[in-house]
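So this one's model-v2.tsv, TSV, C-alpha atoms:
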chain	number	residue	atom	x	y	z
A	1	MET	CA	181.99	106.04	40.28
A	2	ASN	CA	179.55	103.38	39.14
A	3	ASP	CA	180.66	101.32	42.04
A	4	PHE	CA	179.85	104.17	44.42
A	5	ARG	CA	176.46	104.61	42.78
A	6	SER	CA	175.57	100.96	43.26
A	7	GLN	CA	176.73	100.99	46.86
A	8	VAL	CA	174.59	104.06	47.56
A	9	GLU	CA	171.66	102.51	45.75
A	10	GLY	CA	172.11	99.37	47.84
A	11	GLN	CA	171.32	101.36	50.99
A	12	ARG	CA	167.94	102.46	49.63
A	13	PRO	CA	165.84	99.77	51.40
A	14	TYR	CA	167.44	100.56	54.75
A	15	LEU	CA	167.00	104.32	54.30
A	16	LEU	CA	163.41	103.87	53.22
A	17	ARG	CA	162.64	101.85	56.29
A	18	TYR	CA	164.31	104.46	58.47
A	19	ALA	CA	162.42	107.36	56.84
A	20	SER	CA	159.09	105.51	56.88
A	21	LEU	CA	159.39	104.90	60.58
A	22	GLN	CA	159.80	108.60	61.26
A	23	LEU	CA	157.52	110.13	58.64
A	24	ARG	CA	154.84	107.43	58.54
A	25	ASP	CA	153.98	108.42	55.03
A	26	ARG	CA	155.30	106.16	52.30
A	27	GLN	CA	155.34	108.83	49.60
A	28	ALA	CA	157.03	111.42	51.82
A	29	ALA	CA	159.58	108.80	52.89
A	30	GLU	CA	160.35	107.87	49.29
A	31	ASP	CA	160.78	111.53	48.38
A	32	ALA	CA	163.14	112.14	51.32
A	33	VAL	CA	165.21	109.07	50.41
A	34	GLN	CA	165.32	110.07	46.74
A	35	ASP	CA	166.56	113.57	47.70
A	36	THR	CA	169.15	111.93	49.94
A	37	LEU	CA	170.46	109.62	47.22
A	38	VAL	CA	170.66	112.48	44.71
A	39	ALA	CA	172.50	114.65	47.24
A	40	ALA	CA	174.82	111.76	48.09
A	41	LEU	CA	175.73	111.05	44.46
A	42	ALA	CA	176.34	114.75	43.83
A	43	GLY	CA	178.46	114.98	46.96
A	44	GLU	CA	180.56	111.86	46.64
A	45	ALA	CA	183.67	113.92	47.40
A	46	GLY	CA	182.15	114.79	50.78
A	47	PHE	CA	182.09	111.13	51.68
A	48	ALA	CA	185.58	110.16	50.53
A	49	GLY	CA	185.59	107.03	52.66
A	50	ARG	CA	185.46	109.16	55.77
A	51	SER	CA	182.98	107.05	57.63
A	52	ASN	CA	180.62	104.20	57.21
A	53	LEU	CA	178.49	104.77	54.07
A	54	ARG	CA	175.25	104.01	55.85
A	55	THR	CA	176.05	106.40	58.69
A	56	TRP	CA	176.91	109.12	56.19
A	57	LEU	CA	173.70	108.60	54.20
A	58	THR	CA	171.60	108.47	57.36
A	59	GLY	CA	173.10	111.82	58.38
A	60	ILE	CA	171.95	113.38	55.10
A	61	LEU	CA	168.56	111.71	55.41
A	62	LYS	CA	168.01	113.17	58.89
A	63	HIS	CA	168.20	116.67	57.42
A	64	LYS	CA	165.77	115.72	54.65
A	65	ILE	CA	163.36	114.34	57.26
A	66	ILE	CA	163.48	117.55	59.27
A	67	ASP	CA	162.81	119.52	56.05
A	68	THR	CA	159.83	117.30	55.28
A	69	ILE	CA	158.30	117.70	58.74
A	70	ARG	CA	158.87	121.45	58.58
A	71	ARG	CA	157.12	121.67	55.21
A	72	SER	CA	154.15	119.58	56.24
A	73	ALA	CA	153.69	121.68	59.41
A	74	ARG	CA	153.68	124.85	57.29
A	75	GLU	CA	151.02	123.38	55.02
A	76	ALA	CA	148.71	122.93	57.97
A	77	THR	CA	147.50	126.53	57.91
A	78	LEU	CA	145.00	126.44	60.76
A	79	LEU	CA	146.42	127.03	64.20
A	80	PRO	CA	146.28	123.69	65.95
A	81	PRO	CA	144.15	123.55	69.10
A	82	GLU	CA	145.90	123.22	72.43
A	83	PRO	CA	146.15	119.54	73.28
A	84	ASP	CA	143.59	117.89	75.47
A	85	THR	CA	145.26	116.58	78.61
A	86	ALA	CA	142.26	114.63	79.93
A	87	GLU	CA	143.80	111.42	78.58
A	88	PHE	CA	146.37	111.51	81.40
A	89	ASP	CA	143.66	111.47	84.08
A	90	ALA	CA	143.05	107.76	83.57
A	91	LEU	CA	146.67	106.98	84.44
A	92	PHE	CA	146.31	108.41	87.96
A	93	ASP	CA	143.77	108.09	90.74
A	94	ALA	CA	141.81	111.01	92.16
A	95	SER	CA	144.62	111.91	94.58
A	96	GLY	CA	147.23	111.98	91.79
A	97	HIS	CA	148.89	108.63	92.51
A	98	TRP	CA	149.75	106.19	89.73
A	99	ALA	CA	146.78	103.97	88.87
A	100	ALA	CA	149.34	101.35	87.84
A	101	MET	CA	152.78	102.02	89.24
A	102	PRO	CA	155.64	101.98	86.70
A	103	ALA	CA	157.67	98.82	87.21
A	104	ASP	CA	161.36	98.36	87.83
A	105	TRP	CA	162.88	97.48	84.44
A	106	GLY	CA	166.03	96.14	86.03
A	107	ASN	CA	169.01	96.80	83.80
A	108	PRO	CA	167.28	97.82	80.55
A	109	ASP	CA	170.59	98.74	78.86
A	110	ALA	CA	171.15	95.04	78.36
A	111	THR	CA	168.32	94.98	75.84
A	112	LEU	CA	169.89	97.67	73.66
A	113	GLY	CA	171.91	95.02	71.85
A	114	GLN	CA	168.79	93.10	70.86
A	115	LYS	CA	167.20	93.52	67.45
A	116	GLN	CA	163.85	92.33	68.80
A	117	PHE	CA	163.86	95.15	71.34
A	118	PHE	CA	164.10	97.72	68.58
A	119	ALA	CA	161.29	95.98	66.71
A	120	ALA	CA	159.12	96.31	69.84
A	121	LEU	CA	160.14	99.96	70.24
A	122	GLU	CA	159.28	100.75	66.62
A	123	GLU	CA	155.95	99.00	67.04
A	124	CYS	CA	155.21	101.20	70.07
A	125	LEU	CA	156.31	104.35	68.21
A	126	GLY	CA	153.97	103.40	65.38
A	127	ARG	CA	151.01	103.57	67.73
A	128	LEU	CA	151.58	107.22	68.66
A	129	PRO	CA	149.48	109.93	67.01
A	130	LYS	CA	151.37	111.51	64.10
A	131	LYS	CA	152.14	114.87	65.66
A	132	THR	CA	153.15	113.29	68.96
A	133	SER	CA	155.52	110.99	67.19
A	134	ASP	CA	156.94	113.84	65.07
A	135	ALA	CA	157.67	115.92	68.17
A	136	PHE	CA	159.22	112.97	70.00
A	137	MET	CA	161.47	111.88	67.12
A	138	LEU	CA	162.60	115.48	66.47
A	139	ARG	CA	163.55	115.73	70.13
A	140	GLU	CA	164.92	112.32	71.04
A	141	HIS	CA	166.21	110.94	67.78
A	142	LEU	CA	167.18	114.01	65.79
A	143	GLY	CA	168.21	115.96	68.88
A	144	LEU	CA	166.42	119.27	68.30
A	145	GLU	CA	165.79	121.64	71.19
A	146	THR	CA	162.13	122.17	72.14
A	147	GLY	CA	162.24	125.76	70.87
A	148	GLU	CA	163.11	124.50	67.40
A	149	ILE	CA	160.48	121.77	67.57
A	150	CYS	CA	157.76	124.30	68.46
A	151	LYS	CA	158.80	126.34	65.45
A	152	GLU	CA	158.87	123.35	63.11
A	153	LEU	CA	155.48	122.10	64.23
A	154	GLY	CA	153.93	125.53	64.70
A	155	VAL	CA	152.90	124.95	68.34
A	156	THR	CA	153.42	126.75	71.64
A	157	PRO	CA	156.12	125.54	74.08
A	158	THR	CA	153.43	124.26	76.44
A	159	HIS	CA	151.87	122.26	73.64
A	160	CYS	CA	155.29	120.92	72.76
A	161	TRP	CA	155.91	119.70	76.34
A	162	VAL	CA	152.51	118.03	76.36
A	163	LEU	CA	153.31	116.23	73.11
A	164	LEU	CA	156.62	114.98	74.51
A	165	TYR	CA	155.02	114.01	77.81
A	166	ARG	CA	152.28	112.13	75.98
A	167	ALA	CA	154.86	110.29	73.89
A	168	ARG	CA	156.88	109.24	76.94
A	169	MET	CA	153.84	108.13	78.93
A	170	ALA	CA	152.53	106.06	76.02
A	171	LEU	CA	155.89	104.56	75.10
A	172	ARG	CA	156.82	103.53	78.63
A	173	GLU	CA	153.48	101.86	79.08
A	174	CYS	CA	153.69	100.13	75.70
A	175	LEU	CA	157.23	98.85	76.31
A	176	GLU	CA	156.38	97.73	79.82
A	177	THR	CA	153.45	95.68	78.51
A	178	ASN	CA	155.02	94.38	75.33
A	179	TRP	CA	158.64	93.95	76.28
A	180	PHE	CA	159.63	94.20	79.92
A	181	ARG	CA	156.77	92.12	81.29
A	182	LYS	CA	156.84	89.50	78.56
B	1	MET	CA	153.90	118.08	98.27
B	2	LEU	CA	153.69	117.20	94.61
B	3	THR	CA	151.49	114.35	93.38
B	4	CYS	CA	152.84	111.57	91.15
B	5	LYS	CA	150.87	113.09	88.31
B	6	GLU	CA	152.67	116.43	88.69
B	7	VAL	CA	156.00	114.72	89.21
B	8	SER	CA	155.71	112.66	86.03
B	9	ARG	CA	155.04	115.88	84.09
B	10	LEU	CA	158.05	117.61	85.68
B	11	VAL	CA	160.33	114.63	85.08
B	12	SER	CA	159.37	114.73	81.41
B	13	GLN	CA	159.84	118.50	81.17
B	14	GLY	CA	163.17	118.15	82.93
B	15	LEU	CA	164.40	116.36	79.81
B	16	ASP	CA	163.34	119.30	77.64
B	17	ARG	CA	163.99	122.45	79.63
B	18	ARG	CA	165.99	123.53	82.66
B	19	LEU	CA	163.72	123.23	85.69
B	20	GLY	CA	163.54	126.02	88.24
B	21	PHE	CA	165.27	125.68	91.60
B	22	GLY	CA	162.00	125.09	93.47
B	23	GLU	CA	160.89	122.52	90.93
B	24	ARG	CA	164.14	120.61	91.24
B	25	ILE	CA	163.96	120.51	95.03
B	26	ALA	CA	160.31	119.43	95.07
B	27	LEU	CA	161.11	116.76	92.51
B	28	ARG	CA	164.07	115.41	94.45
B	29	VAL	CA	162.07	115.22	97.68
B	30	HIS	CA	159.28	113.29	95.98
B	31	LEU	CA	161.65	110.91	94.18
B	32	MET	CA	163.37	110.01	97.45
B	33	ILE	CA	160.19	108.49	98.80
B	34	CYS	CA	158.33	107.30	95.68
B	35	THR	CA	159.29	104.08	93.90
B	36	GLY	CA	156.79	104.51	91.06
B	37	CYS	CA	158.12	107.93	90.09
B	38	THR	CA	161.73	106.79	90.49
B	39	ASN	CA	161.03	103.91	88.10
B	40	PHE	CA	159.29	106.32	85.74
B	41	SER	CA	162.23	108.69	85.81
B	42	ARG	CA	164.66	105.86	84.95
B	43	GLN	CA	162.36	104.61	82.21
B	44	VAL	CA	162.15	107.92	80.35
B	45	ALA	CA	165.92	108.38	80.60
B	46	PHE	CA	166.31	104.90	79.11
B	47	LEU	CA	163.80	105.77	76.36
B	48	ARG	CA	165.99	108.70	75.38
B	49	LYS	CA	169.01	106.45	75.08
B	50	ALA	CA	167.12	103.76	73.15
B	51	VAL	CA	165.45	106.11	70.67
B	52	ALA	CA	168.74	107.84	69.93
B	53	ARG	CA	170.09	104.46	68.84
B	54	ILE	CA	167.35	103.50	66.40
B	55	GLY	CA	168.94	102.65	63.08
B	56	ASP	CA	172.44	102.41	64.59
B	57	SER	CA	172.66	98.68	64.34
B	58	THR	CA	173.99	96.92	61.29
B	59	GLU	CA	170.63	95.32	60.48
B	60	SER	CA	169.62	95.75	56.84

If you convert what's in this file into structure tokens, what do you get?
Amino acid sequence: MNDFRSQVEGQRPYLLRYASLQLRDRQAAEDAVQDTLVAALAGEAGFAGRSNLRTWLTGILKHKIIDTIRRSAREATLLPPEPDTAEFDALFDASGHWAAMPADWGNPDATLGQKQFFAALEECLGRLPKKTSDAFMLREHLGLETGEICKELGVTPTHCWVLLYRARMALRECLETNWFRK
Amino acid sequence: MLTCKEVSRLVSQGLDRRLGFGERIALRVHLMICTGCTNFSRQVAFLRKAVARIGDSTES
């Protein structure tokens, strides 16, 4: 039992880093990780050596992260304004063609084994506005459907698509500049 | 004929909702002749794969 406790505790730095990346709020990340560790220790039987400890803990943490985002969206009582889409105008010329054409990234899958690639990706994610990054991580990392994301964030489906579009446009540009063209 | 601006929006939405028949056809026609949008479409599909894998590695 004590052994299990120390193994779980040993994953705290990793979990904290994971939660911080997604929540971008140190306190909220610490709370989510604390809830996860408490739930894990109470549910040791549920683990029972079934899978990798870190994978199991990360699975619990994902649910805590979704709860946290849901709560913080509820606390924002004012209806958020529809997003401004003027920012995209600069990426295209007057006739709607790319101002700077997206490049061929070759075989990008080869970079998925590289730690440095993920550091670059996390750096790019960190530059997104909070709500944009929330929507994108809920969709692409936590695998929620857009309907659920709209509900969690309290936005319309159109707003949701704009947030996801904004995230993809910004991330592809950031990775192209900071990784694929380096 | 769709512009690249419209196509990039549709490509992104295509990852989040089922596009209509007309949208899919218009998209396919544009992608056949546009390198920039084809690259874009591959890039966002790759982003999906990469972001799903964050935290998967054994780094500590």

Quiz item: Which value, in Å to one decimal, gives the distance between CA of Asn39 in chain B and CA of Ala103 in chain A?
Solution: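 Rounded to one decimal, the two atoms are 6.2 Å apart.
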
Please report, as JSON lines, each residue of chain A lying at most 6 Å from chain B, together with the nearest pair of atoms and the separation in Å rounded to one decimal; use all atoms listed in the file, and order rows by chain and ascending residue number.
{"residue": "A:Tyr14", "atom": "CA", "partner": "B:Ser60", "partner_atom": "CA", "distance": 5.7}
{"residue": "A:Gly96", "atom": "CA", "partner": "B:Thr3", "partner_atom": "CA", "distance": 5.1}
{"residue": "A:His97", "atom": "CA", "partner": "B:Cys4", "partner_atom": "CA", "distance": 5.1}
{"residue": "A:Met101", "atom": "CA", "partner": "B:Gly36", "partner_atom": "CA", "distance": 5.1}
{"residue": "A:Pro102", "atom": "CA", "partner": "B:Gly36", "partner_atom": "CA", "distance": 5.2}
{"residue": "A:Asp104", "atom": "CA", "partner": "B:Asn39", "partner_atom": "CA", "distance": 5.6}
{"residue": "A:Glu140", "atom": "CA", "partner": "B:Arg48", "partner_atom": "CA", "distance": 5.8}
{"residue": "A:His141", "atom": "CA", "partner": "B:Ala52", "partner_atom": "CA", "distance": 4.5}
{"residue": "A:Tyr165", "atom": "CA", "partner": "B:Ser12", "partner_atom": "CA", "distance": 5.7}

Practice problem: Please measure the separation of CA of Thr58 in chain A and CA of Cys174 in chain A, giving the value in Å to one decimal. | Solution: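 Computed distance, CA of Thr58 in chain A to CA of Cys174 in chain A, equals 27.0 Å.
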
Quiz item: Quick one, how far is CA of Ala28 in chain A from CA of Pro157 in chain A?
Solution: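 So the answer is 26.4 Å.
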
Quiz item: range 146-155 of chain A: which residues within 7 Å, counting all atoms listed in the file, same-chain residues fewer than 6 positions away excluded, as a VMD selection string?
Solution: (chain A and resid 70 73 135 138 to 139) or (chain B and resid 16)

Arg5 in chain A environment, 12 Å, only C-alpha atoms, sequence neighbours closer than 6 positions dropped, as a tab-separated table (two decimals) with C-alpha atoms, keeping the file's coordinate frame:
chain	number	residue	atom	x	y	z
A	11	GLN	CA	171.32	101.36	50.99
A	12	ARG	CA	167.94	102.46	49.63
A	37	LEU	CA	170.46	109.62	47.22
A	38	VAL	CA	170.66	112.48	44.71
A	39	ALA	CA	172.50	114.65	47.24
A	40	ALA	CA	174.82	111.76	48.09
A	41	LEU	CA	175.73	111.05	44.46
A	42	ALA	CA	176.34	114.75	43.83
A	43	GLY	CA	178.46	114.98	46.96
A	44	GLU	CA	180.56	111.86	46.64
A	53	LEU	CA	178.49	104.77	54.07

Might I get the box with edges along x, y and z of the file that holds all atoms of range 135-153 of chain A listed there, padded by 3 Å on every side, given as centre and edge lengths in Å to one decimal, as JSON?
{"center_x": 161.8, "center_y": 118.6, "center_z": 67.6, "size_x": 18.7, "size_y": 21.4, "size_z": 15.0}

Kindly complete range 120-146 of chain A to N, CA and C atoms; the output should be written as a PDB file, in the frame of the given file.
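Writing done, so here's part_9.pdb:
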ATOM      1  N   ALA A 120     160.196  95.988  68.896  1.00  0.00           N
ATOM      2  CA  ALA A 120     159.120  96.310  69.840  1.00  0.00           C
ATOM      3  C   ALA A 120     158.995  97.823  70.011  1.00  0.00           C
ATOM      4  N   LEU A 121     160.141  98.502  70.089  1.00  0.00           N
ATOM      5  CA  LEU A 121     160.140  99.960  70.240  1.00  0.00           C
ATOM      6  C   LEU A 121     159.495 100.634  69.034  1.00  0.00           C
ATOM      7  N   GLU A 122     159.847 100.158  67.838  1.00  0.00           N
ATOM      8  CA  GLU A 122     159.280 100.750  66.620  1.00  0.00           C
ATOM      9  C   GLU A 122     157.779 100.507  66.538  1.00  0.00           C
ATOM     10  N   GLU A 123     157.381  99.327  66.986  1.00  0.00           N
ATOM     11  CA  GLU A 123     155.950  99.000  67.040  1.00  0.00           C
ATOM     12  C   GLU A 123     155.222  99.990  67.958  1.00  0.00           C
ATOM     13  N   CYS A 124     155.809 100.263  69.112  1.00  0.00           N
ATOM     14  CA  CYS A 124     155.210 101.200  70.070  1.00  0.00           C
ATOM     15  C   CYS A 124     155.179 102.618  69.488  1.00  0.00           C
ATOM     16  N   LEU A 125     156.258 103.021  68.824  1.00  0.00           N
ATOM     17  CA  LEU A 125     156.310 104.350  68.210  1.00  0.00           C
ATOM     18  C   LEU A 125     155.214 104.488  67.150  1.00  0.00           C
ATOM     19  N   GLY A 126     154.969 103.396  66.440  1.00  0.00           N
ATOM     20  CA  GLY A 126     153.970 103.400  65.380  1.00  0.00           C
ATOM     21  C   GLY A 126     152.554 103.620  65.885  1.00  0.00           C
ATOM     22  N   ARG A 127     152.351 103.399  67.177  1.00  0.00           N
ATOM     23  CA  ARG A 127     151.010 103.570  67.730  1.00  0.00           C
ATOM     24  C   ARG A 127     150.736 105.004  68.176  1.00  0.00           C
ATOM     25  N   LEU A 128     151.775 105.836  68.217  1.00  0.00           N
ATOM     26  CA  LEU A 128     151.580 107.220  68.660  1.00  0.00           C
ATOM     27  C   LEU A 128     150.860 108.020  67.577  1.00  0.00           C
ATOM     28  N   PRO A 129     150.057 109.020  68.010  1.00  0.00           N
ATOM     29  CA  PRO A 129     149.480 109.930  67.010  1.00  0.00           C
ATOM     30  C   PRO A 129     150.623 110.618  66.246  1.00  0.00           C
ATOM     31  N   LYS A 130     150.333 110.979  64.988  1.00  0.00           N
ATOM     32  CA  LYS A 130     151.370 111.510  64.100  1.00  0.00           C
ATOM     33  C   LYS A 130     152.159 112.682  64.693  1.00  0.00           C
ATOM     34  N   LYS A 131     151.455 113.675  65.189  1.00  0.00           N
ATOM     35  CA  LYS A 131     152.140 114.870  65.660  1.00  0.00           C
ATOM     36  C   LYS A 131     152.973 114.577  66.916  1.00  0.00           C
ATOM     37  N   THR A 132     152.440 113.699  67.756  1.00  0.00           N
ATOM     38  CA  THR A 132     153.150 113.290  68.960  1.00  0.00           C
ATOM     39  C   THR A 132     154.451 112.597  68.583  1.00  0.00           C
ATOM     40  N   SER A 133     154.345 111.717  67.607  1.00  0.00           N
ATOM     41  CA  SER A 133     155.520 110.990  67.190  1.00  0.00           C
ATOM     42  C   SER A 133     156.532 111.906  66.485  1.00  0.00           C
ATOM     43  N   ASP A 134     156.039 112.862  65.705  1.00  0.00           N
ATOM     44  CA  ASP A 134     156.940 113.840  65.070  1.00  0.00           C
ATOM     45  C   ASP A 134     157.738 114.595  66.127  1.00  0.00           C
ATOM     46  N   ALA A 135     157.013 115.126  67.127  1.00  0.00           N
ATOM     47  CA  ALA A 135     157.670 115.920  68.170  1.00  0.00           C
ATOM     48  C   ALA A 135     158.707 115.070  68.899  1.00  0.00           C
ATOM     49  N   PHE A 136     158.321 113.838  69.234  1.00  0.00           N
ATOM     50  CA  PHE A 136     159.220 112.970  70.000  1.00  0.00           C
ATOM     51  C   PHE A 136     160.466 112.602  69.211  1.00  0.00           C
ATOM     52  N   MET A 137     160.307 112.258  67.931  1.00  0.00           N
ATOM     53  CA  MET A 137     161.470 111.880  67.120  1.00  0.00           C
ATOM     54  C   MET A 137     162.375 113.095  66.868  1.00  0.00           C
ATOM     55  N   LEU A 138     161.781 114.269  66.666  1.00  0.00           N
ATOM     56  CA  LEU A 138     162.600 115.480  66.470  1.00  0.00           C
ATOM     57  C   LEU A 138     163.456 115.714  67.721  1.00  0.00           C
ATOM     58  N   ARG A 139     162.856 115.486  68.868  1.00  0.00           N
ATOM     59  CA  ARG A 139     163.550 115.730  70.130  1.00  0.00           C
ATOM     60  C   ARG A 139     164.573 114.633  70.450  1.00  0.00           C
ATOM     61  N   GLU A 140     164.096 113.392  70.496  1.00  0.00           N
ATOM     62  CA  GLU A 140     164.920 112.320  71.040  1.00  0.00           C
ATOM     63  C   GLU A 140     165.787 111.605  70.013  1.00  0.00           C
ATOM     64  N   HIS A 141     165.363 111.614  68.769  1.00  0.00           N
ATOM     65  CA  HIS A 141     166.210 110.940  67.780  1.00  0.00           C
ATOM     66  C   HIS A 141     167.052 111.929  67.002  1.00  0.00           C
ATOM     67  N   LEU A 142     166.441 113.049  66.606  1.00  0.00           N
ATOM     68  CA  LEU A 142     167.180 114.010  65.790  1.00  0.00           C
ATOM     69  C   LEU A 142     167.822 115.093  66.652  1.00  0.00           C
ATOM     70  N   GLY A 143     167.484 115.105  67.950  1.00  0.00           N
ATOM     71  CA  GLY A 143     168.210 115.960  68.880  1.00  0.00           C
ATOM     72  C   GLY A 143     167.929 117.449  68.825  1.00  0.00           C
ATOM     73  N   LEU A 144     166.753 117.842  68.314  1.00  0.00           N
ATOM     74  CA  LEU A 144     166.420 119.270  68.300  1.00  0.00           C
ATOM     75  C   LEU A 144     166.027 119.747  69.688  1.00  0.00           C
ATOM     76  N   GLU A 145     166.246 121.036  69.945  1.00  0.00           N
ATOM     77  CA  GLU A 145     165.790 121.640  71.190  1.00  0.00           C
ATOM     78  C   GLU A 145     164.279 121.900  71.067  1.00  0.00           C
ATOM     79  N   THR A 146     163.583 121.986  72.225  1.00  0.00           N
ATOM     80  CA  THR A 146     162.130 122.170  72.140  1.00  0.00           C
ATOM     81  C   THR A 146     161.750 123.455  71.413  1.00  0.00           C
TER      82      THR A 146
END
